[in-house]
Amino acid sequence: MAKKTWGEMSGPQKAVIITVGTAEVIATTYAAIDLLRRPTSQVRGPKLLWAAALFVQPVGPLAYLAVGRVG
């Protein structure tokens with residue numbers, strides 16, 4: 001299957017890409033703000049490692065929000 005350019009995609013395909021991209025940006029931003037504000041004692045593992053993991057899309061932010069926070 002050949003890759004399509006943006007212009008070759010249908011309206012619904014573009015909408016899905018924009019929606020998923022927006023959700024990733026929101027989840028990453030929320031997780032990053034939470035990580036910065038949360039005390040080290042309330043984070044499972046090193047904060048620096050979690051900060052790097054936030055850039056692994058879409059798994060990093062979701063993993064931090066599900067597993068990385070204490071309380």
# chains A, B, ... in the order shown; residues from 1 in each chain; ligands from 1
>>> select_by_dssp(residues="stretch 16-60 of chain A", states="helix (DSSP H, G or I)", output="JSON, numbers by chain")
{"A": [16, 17, 18, 19, 20, 21, 22, 23, 24, 25, 26, 27, 28, 29, 30, 31, 32, 33, 34, 35, 36, 37, 40, 41, 42, 47, 48, 49, 50, 51, 52, 53, 59, 60]}
>>> residues_around(residues="A:Pro58", least_positions_apart="3", cutoff="9 Å", atoms="only C-alpha atoms", output="PyMOL selection string")
chain A and resi 24+27-28+54-55+61-63
>>> write_last_selection(atoms="N, CA and C atoms", output="PDB file, in the first residue's frame")
ATOM      1  N   GLU A  24      -3.179  13.371  21.266  1.00  0.00           N
ATOM      2  CA  GLU A  24      -1.800  13.121  21.705  1.00  0.00           C
ATOM      3  C   GLU A  24      -1.181  14.380  22.306  1.00  0.00           C
ATOM      4  N   ALA A  27      -2.838  14.946  25.781  1.00  0.00           N
ATOM      5  CA  ALA A  27      -2.369  13.972  26.774  1.00  0.00           C
ATOM      6  C   ALA A  27      -0.925  14.247  27.183  1.00  0.00           C
ATOM      7  N   THR A  28      -0.081  14.576  26.220  1.00  0.00           N
ATOM      8  CA  THR A  28       1.321  14.854  26.519  1.00  0.00           C
ATOM      9  C   THR A  28       1.458  16.120  27.352  1.00  0.00           C
ATOM     10  N   LEU A  54       7.616  10.684  27.980  1.00  0.00           N
ATOM     11  CA  LEU A  54       6.479  11.435  27.453  1.00  0.00           C
ATOM     12  C   LEU A  54       6.579  11.662  25.953  1.00  0.00           C
ATOM     13  N   PHE A  55       7.790  11.573  25.399  1.00  0.00           N
ATOM     14  CA  PHE A  55       7.978  11.790  23.972  1.00  0.00           C
ATOM     15  C   PHE A  55       7.769  10.529  23.136  1.00  0.00           C
ATOM     16  N   PRO A  61       2.894   9.141  27.498  1.00  0.00           N
ATOM     17  CA  PRO A  61       1.990   9.903  28.364  1.00  0.00           C
ATOM     18  C   PRO A  61       0.934   9.022  29.041  1.00  0.00           C
ATOM     19  N   LEU A  62       0.412   8.061  28.304  1.00  0.00           N
ATOM     20  CA  LEU A  62      -0.598   7.181  28.882  1.00  0.00           C
ATOM     21  C   LEU A  62      -0.007   6.304  29.982  1.00  0.00           C
ATOM     22  N   ALA A  63       1.215   5.821  29.776  1.00  0.00           N
ATOM     23  CA  ALA A  63       1.880   5.004  30.800  1.00  0.00           C
ATOM     24  C   ALA A  63       2.131   5.829  32.057  1.00  0.00           C
TER      25      ALA A  63
END
>>> residues_around(residues="A:Trp50", least_positions_apart="5", cutoff="9 Å", atoms="only C-alpha atoms", output="number ranges by chain")
A: 32, 35, 43-45, 60-61, 64, 68
>>> residues_around(residues="A:Gln42", least_positions_apart="3", cutoff="9 Å", atoms="only C-alpha atoms", output="list in words")
Arg38, Pro39, Gly68, Arg69, Val70 and Gly71 of chain A
>>> atom_distance(atom1="atom CA of A:Arg37", atom2="atom CA of A:Thr22")
22.6 Å
